[in-house]
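Have a look at coords.cif; it's mmCIF, C-alpha atoms:
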```
data_input
loop_
_atom_site.group_PDB
_atom_site.id
_atom_site.type_symbol
_atom_site.label_atom_id
_atom_site.label_comp_id
_atom_site.auth_asym_id
_atom_site.auth_seq_id
_atom_site.Cartn_x
_atom_site.Cartn_y
_atom_site.Cartn_z
ATOM 1 C CA MET A 1 -30.249 25.842 -22.326
ATOM 2 C CA ARG A 2 -27.236 27.824 -21.249
ATOM 3 C CA LEU A 3 -26.883 28.728 -17.576
ATOM 4 C CA PRO A 4 -25.274 32.000 -16.557
ATOM 5 C CA PHE A 5 -21.691 31.765 -15.221
ATOM 6 C CA ARG A 6 -22.772 32.771 -11.696
ATOM 7 C CA ARG A 7 -25.326 29.949 -11.619
ATOM 8 C CA LEU A 8 -22.661 27.406 -12.651
ATOM 9 C CA THR A 9 -20.343 28.652 -9.924
ATOM 10 C CA ALA A 10 -23.096 28.403 -7.319
ATOM 11 C CA LEU A 11 -23.968 24.862 -8.484
ATOM 12 C CA GLY A 12 -20.316 23.833 -8.299
ATOM 13 C CA LEU A 13 -19.963 25.252 -4.797
ATOM 14 C CA ALA A 14 -23.150 23.496 -3.646
ATOM 15 C CA ALA A 15 -21.960 20.186 -5.108
ATOM 16 C CA ALA A 16 -18.613 20.526 -3.337
ATOM 17 C CA LEU A 17 -20.281 21.290 0.002
ATOM 18 C CA LEU A 18 -22.742 18.391 -0.302
ATOM 19 C CA ALA A 19 -20.192 15.815 -1.483
ATOM 20 C CA PRO A 20 -19.151 13.294 1.169
ATOM 21 C CA ALA A 21 -15.797 14.002 2.753
ATOM 22 C CA VAL A 22 -13.062 11.873 1.204
ATOM 23 C CA PRO A 23 -10.714 10.530 3.853
ATOM 24 C CA ALA A 24 -7.135 11.577 3.156
ATOM 25 C CA SER A 25 -6.063 8.020 4.006
ATOM 26 C CA ALA A 26 -7.801 6.596 0.941
ATOM 27 C CA GLN A 27 -6.703 8.924 -1.818
ATOM 28 C CA ILE A 28 -3.626 7.181 -3.267
ATOM 29 C CA GLY A 29 -3.599 4.617 -6.040
ATOM 30 C CA PRO A 30 -5.843 3.588 -8.910
ATOM 31 C CA HIS A 31 -8.363 1.839 -6.625
ATOM 32 C CA ALA A 32 -8.852 4.701 -4.131
ATOM 33 C CA ALA A 33 -12.539 5.090 -5.006
ATOM 34 C CA ARG A 34 -13.194 1.568 -3.755
ATOM 35 C CA CYS A 35 -11.797 2.378 -0.318
ATOM 36 C CA VAL A 36 -13.636 5.694 -0.182
ATOM 37 C CA ALA A 37 -16.897 3.892 -1.051
ATOM 38 C CA GLY A 38 -16.390 1.517 1.884
ATOM 39 C CA GLU A 39 -16.170 -1.582 -0.295
ATOM 40 C CA THR A 40 -14.162 -4.687 0.578
ATOM 41 C CA SER A 41 -10.557 -3.485 0.395
ATOM 42 C CA VAL A 42 -7.301 -2.938 2.246
ATOM 43 C CA ILE A 43 -5.773 0.461 2.961
ATOM 44 C CA VAL A 44 -2.032 -0.071 3.364
ATOM 45 C CA ASN A 45 -0.462 2.892 5.152
ATOM 46 C CA VAL A 46 3.249 2.890 4.268
ATOM 47 C CA THR A 47 5.676 4.833 6.484
ATOM 48 C CA GLY A 48 9.397 5.080 7.172
ATOM 49 C CA PHE A 49 10.790 6.198 3.813
ATOM 50 C CA ARG A 50 14.549 6.754 3.786
ATOM 51 C CA GLU A 51 14.232 9.007 0.737
ATOM 52 C CA ARG A 52 11.355 10.426 -1.268
ATOM 53 C CA ALA A 53 12.174 9.117 -4.730
ATOM 54 C CA GLY A 54 11.467 6.102 -6.896
ATOM 55 C CA THR A 55 8.475 3.801 -6.972
ATOM 56 C CA LEU A 56 6.355 2.110 -4.329
ATOM 57 C CA ARG A 57 5.012 -1.378 -5.122
ATOM 58 C CA VAL A 58 2.290 -2.889 -2.944
ATOM 59 C CA GLN A 59 1.167 -6.477 -3.553
ATOM 60 C CA LEU A 60 -1.735 -8.355 -1.970
ATOM 61 C CA TYR A 61 -1.498 -12.141 -1.560
ATOM 62 C CA ALA A 62 -3.892 -14.785 -0.336
ATOM 63 C CA ALA A 63 -2.600 -16.102 3.000
ATOM 64 C CA ASN A 64 -1.732 -19.407 1.347
ATOM 65 C CA PRO A 65 1.728 -20.921 1.984
ATOM 66 C CA ARG A 66 1.898 -22.328 -1.571
ATOM 67 C CA THR A 67 1.375 -18.958 -3.293
ATOM 68 C CA PHE A 68 2.557 -16.342 -0.785
ATOM 69 C CA LEU A 69 5.461 -14.377 -2.307
ATOM 70 C CA GLU A 70 5.683 -16.735 -5.271
ATOM 71 C CA ARG A 71 6.336 -15.207 -8.674
ATOM 72 C CA ARG A 72 3.170 -13.711 -10.212
ATOM 73 C CA GLN A 73 0.932 -15.190 -7.519
ATOM 74 C CA TYR A 74 -0.169 -11.856 -6.094
ATOM 75 C CA LEU A 75 -3.864 -11.006 -6.334
ATOM 76 C CA VAL A 76 -3.418 -7.258 -6.787
ATOM 77 C CA ARG A 77 -0.357 -5.148 -7.514
ATOM 78 C CA VAL A 78 -0.190 -1.361 -7.373
ATOM 79 C CA GLU A 79 2.897 0.597 -8.441
ATOM 80 C CA ILE A 80 2.933 4.332 -7.902
ATOM 81 C CA PRO A 81 5.552 7.077 -7.671
ATOM 82 C CA VAL A 82 6.677 7.901 -4.147
ATOM 83 C CA THR A 83 5.078 11.097 -2.868
ATOM 84 C CA ARG A 84 7.211 14.046 -1.785
ATOM 85 C CA SER A 85 6.225 13.780 1.874
ATOM 86 C CA GLY A 86 4.037 12.059 4.421
ATOM 87 C CA ASP A 87 2.665 8.564 4.748
ATOM 88 C CA MET A 88 1.494 6.771 1.603
ATOM 89 C CA PRO A 89 -1.923 5.135 2.114
ATOM 90 C CA VAL A 90 -2.518 2.789 -0.842
ATOM 91 C CA CYS A 91 -5.911 1.205 -1.524
ATOM 92 C CA LEU A 92 -6.033 -2.424 -2.687
ATOM 93 C CA PRO A 93 -9.323 -3.959 -3.850
ATOM 94 C CA VAL A 94 -10.305 -7.348 -2.409
ATOM 95 C CA ASN A 95 -12.779 -9.568 -4.254
ATOM 96 C CA ALA A 96 -13.910 -11.670 -1.287
ATOM 97 C CA ALA A 97 -13.654 -11.778 2.470
ATOM 98 C CA GLY A 98 -10.776 -13.924 3.682
ATOM 99 C CA ARG A 99 -7.245 -13.969 5.004
ATOM 100 C CA TYR A 100 -4.551 -12.006 3.166
ATOM 101 C CA ALA A 101 -0.989 -10.690 3.443
ATOM 102 C CA VAL A 102 0.749 -7.640 1.963
ATOM 103 C CA MET A 103 4.289 -7.126 0.717
ATOM 104 C CA VAL A 104 5.631 -3.608 0.055
ATOM 105 C CA ARG A 105 8.776 -2.669 -1.854
ATOM 106 C CA HIS A 106 10.296 0.788 -2.214
ATOM 107 C CA ASP A 107 12.371 0.826 -5.403
ATOM 108 C CA ALA A 108 14.291 3.893 -4.260
ATOM 109 C CA ASN A 109 16.181 4.494 -7.504
ATOM 110 C CA GLY A 110 13.287 3.422 -9.746
ATOM 111 C CA ASN A 111 15.381 0.979 -11.773
ATOM 112 C CA GLY A 112 12.884 -1.910 -11.476
ATOM 113 C CA ARG A 113 15.455 -4.223 -9.864
ATOM 114 C CA SER A 114 16.083 -5.110 -6.246
ATOM 115 C CA ASP A 115 19.296 -3.629 -4.891
ATOM 116 C CA ARG A 116 20.792 -2.425 -1.610
ATOM 117 C CA SER A 117 19.162 0.999 -1.847
ATOM 118 C CA ASP A 118 15.648 -0.477 -1.827
ATOM 119 C CA GLY A 119 13.393 -0.834 1.188
ATOM 120 C CA GLY A 120 10.605 -3.242 1.952
ATOM 121 C CA GLY A 121 8.140 -4.491 4.478
ATOM 122 C CA PHE A 122 5.181 -6.727 5.189
ATOM 123 C CA SER A 123 1.826 -6.517 6.882
ATOM 124 C CA GLY A 124 2.347 -7.270 10.564
ATOM 125 C CA ASN A 125 5.830 -5.688 10.362
ATOM 126 C CA PRO A 126 7.822 -8.863 11.102
ATOM 127 C CA ASP A 127 11.536 -8.743 11.850
ATOM 128 C CA VAL A 128 13.463 -9.750 8.739
ATOM 129 C CA SER A 129 17.216 -10.310 8.793
ATOM 130 C CA LEU A 130 19.773 -9.993 6.017
ATOM 131 C CA ILE A 131 20.158 -13.777 6.202
ATOM 132 C CA ASP A 132 16.384 -14.153 5.667
ATOM 133 C CA LEU A 133 16.681 -11.932 2.604
ATOM 134 C CA ALA A 134 19.742 -13.750 1.250
ATOM 135 C CA LEU A 135 18.121 -17.172 1.716
ATOM 136 C CA ARG A 136 14.751 -15.896 0.480
ATOM 137 C CA ARG A 137 13.002 -17.014 3.665
ATOM 138 C CA LYS A 138 9.370 -15.983 3.827
ATOM 139 C CA PRO A 139 7.958 -14.397 6.961
ATOM 140 C CA SER A 140 5.414 -16.486 8.836
ATOM 141 C CA LEU A 141 1.868 -16.177 7.503
ATOM 142 C CA ALA A 142 0.693 -16.333 11.116
ATOM 143 C CA ARG A 143 2.616 -13.070 11.667
ATOM 144 C CA VAL A 144 1.825 -11.221 8.419
ATOM 145 C CA GLY A 145 -1.709 -12.458 7.704
ATOM 146 C CA PHE A 146 -4.823 -10.425 8.444
ATOM 147 C CA ASN A 147 -8.555 -10.860 7.921
ATOM 148 C CA VAL A 148 -10.715 -8.854 5.546
ATOM 149 C CA ALA A 149 -14.510 -8.806 5.821
ATOM 150 C CA ASP A 150 -16.939 -6.542 3.969
ATOM 151 C CA ALA A 151 -15.408 -3.119 4.703
ATOM 152 C CA PRO A 152 -11.988 -1.516 4.267
ATOM 153 C CA VAL A 153 -9.294 -2.850 6.595
ATOM 154 C CA ARG A 154 -6.428 -0.535 7.555
ATOM 155 C CA ILE A 155 -2.936 -1.908 8.070
ATOM 156 C CA ASN A 156 0.402 -0.197 8.648
ATOM 157 C CA VAL A 157 3.672 -1.187 7.014
ATOM 158 C CA VAL A 158 6.953 0.336 8.186
ATOM 159 C CA LEU A 159 9.674 0.160 5.543
ATOM 160 C CA ASN A 160 13.022 -1.462 6.372
ATOM 161 C CA TYR A 161 16.334 -0.798 4.614
ATOM 162 C CA VAL A 162 19.783 -2.392 4.624
ATOM 163 C CA GLN A 163 21.795 -0.454 7.191
ATOM 164 C CA GLY A 164 25.278 -1.774 7.839
ATOM 165 C CA GLY A 165 24.805 -5.441 8.684
ATOM 166 C CA SER A 166 21.072 -5.320 9.351
ATOM 167 C CA PHE A 167 17.697 -4.754 7.698
ATOM 168 C CA GLU A 168 15.654 -2.378 9.821
ATOM 169 C CA PRO A 169 13.551 0.784 9.894
ATOM 170 C CA VAL A 170 15.263 4.122 9.400
ATOM 171 C CA SER A 171 15.946 5.723 12.792
#
```
Give the structure from this file in structure tokens form.
Amino acid sequence: MRLPFRRLTALGLAAALLAPAVPASAQIGPHAARCVAGETSVIVNVTGFRERAGTLRVQLYAANPRTFLERRQYLVRVEIPVTRSGDMPVCLPVNAAGRYAVMVRHDANGNGRSDRSDGGGFSGNPDVSLIDLALRRKPSLARVGFNVADAPVRINVVLNYVQGGSFEPVS
């Protein structure tokens, strides 16, 4: 059966009006539907971009000192192009309630390697010095860890960049 064009338009309008509102804070990344559905997840709101180019990488780790920030020990990794403006809320799925930590990296030139133009940050927004970076010191899990239960948890990460002799947010 073929419906007239006007009927299709009316059905589309009704569907749009009856659909649940999608929070703007959960619309970025391949797992956004999970956050919108209210499932166990983390919404990482990234702010403080020095420039709007390159790639944003967000990684979720178990709050375990043996695996935190170790190579390929992340639980979830999302890489997406940096948006032209605004905050970047990225949804990360979580398989079970527990304690987690997030690391964010802004690959400003999109070359896939860490260099002085890149920014970064962690859940809990700990102070990180250039010496910490050079010596590959991990931030304290007590500072960067957070709990996830059975609903989306929102956290904020402010990006830091090398500026002169320090690693700090853009002023």
Worksheet item: For this file, the PyMOL selection byres ((chain A and resi 45) around 12) selects which residues, as a PyMOL selection string?
Response: chain A and resi 24-29+42-44+46-49+56+58+86-92+102-104+121-125+153-159
Item to complete: Select, from A:Tyr74, A:Phe146, A:Val82, A:Ala37, the residue with the minimum atom-to-atom distance to Ala108 (chain A), counting all atoms listed in the file.
Response: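 Checking each of A:Tyr74, A:Phe146, A:Val82, A:Ala37 against Ala108 (chain A), counting all atoms listed in the file, the winner is A:Val82.
Distances from A:Glu70, A:Ala149, A:Phe167, A:Ser114 to Asp127 (chain A) were compared using all atoms listed in the file, and the smallest one belongs to A:Phe167.
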Worksheet entry | Evaluate the PyMOL selection byres ((chain A and resi 79) around 7) and report residues as a PyMOL selection string | chain A and resi 55-58+77-78+80
Item to complete: Have a look at A:Arg116, A:Arg137, A:Arg52, A:His31 and name the one nearest to Val162 (chain A); count all atoms listed in the file.
Response: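 Closest to Val162 (chain A) of all the choices is A:Arg116.
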Could you add whatever atoms are missing so that region 128-142 of chain A carries N, CA and C atoms, then write the result as a CSV table (one decimal), in the coordinates of the input?
```
chain,number,residue,atom,x,y,z
A,128,VAL,N,12.9,-9.0,9.9
A,128,VAL,CA,13.5,-9.8,8.7
A,128,VAL,C,15.0,-9.5,8.8
A,129,SER,N,15.8,-10.5,8.7
A,129,SER,CA,17.2,-10.3,8.8
A,129,SER,C,17.8,-10.3,7.4
A,130,LEU,N,19.1,-9.9,7.3
A,130,LEU,CA,19.8,-10.0,6.0
A,130,LEU,C,19.9,-11.4,5.6
A,131,ILE,N,20.1,-12.4,6.5
A,131,ILE,CA,20.2,-13.8,6.2
A,131,ILE,C,18.8,-14.3,5.6
A,132,ASP,N,17.7,-13.8,6.2
A,132,ASP,CA,16.4,-14.2,5.7
A,132,ASP,C,16.3,-13.7,4.2
A,133,LEU,N,16.7,-12.5,4.0
A,133,LEU,CA,16.7,-11.9,2.6
A,133,LEU,C,17.6,-12.7,1.7
A,134,ALA,N,18.8,-13.0,2.1
A,134,ALA,CA,19.7,-13.8,1.2
A,134,ALA,C,19.2,-15.2,0.9
A,135,LEU,N,18.6,-15.8,1.9
A,135,LEU,CA,18.1,-17.2,1.7
A,135,LEU,C,16.7,-17.2,1.2
A,136,ARG,N,16.1,-16.0,1.0
A,136,ARG,CA,14.8,-15.9,0.5
A,136,ARG,C,13.7,-16.6,1.4
A,137,ARG,N,13.9,-16.5,2.7
A,137,ARG,CA,13.0,-17.0,3.7
A,137,ARG,C,11.8,-16.1,3.7
A,138,LYS,N,10.6,-16.7,3.7
A,138,LYS,CA,9.4,-16.0,3.8
A,138,LYS,C,9.0,-15.8,5.3
A,139,PRO,N,8.4,-14.6,5.6
A,139,PRO,CA,8.0,-14.4,7.0
A,139,PRO,C,6.8,-15.3,7.2
A,140,SER,N,6.5,-15.6,8.4
A,140,SER,CA,5.4,-16.5,8.8
A,140,SER,C,4.1,-15.9,8.5
A,141,LEU,N,3.2,-16.7,7.8
A,141,LEU,CA,1.9,-16.2,7.5
A,141,LEU,C,1.1,-15.9,8.8
A,142,ALA,N,1.4,-16.6,9.8
A,142,ALA,CA,0.7,-16.3,11.1
A,142,ALA,C,1.0,-14.9,11.6
```
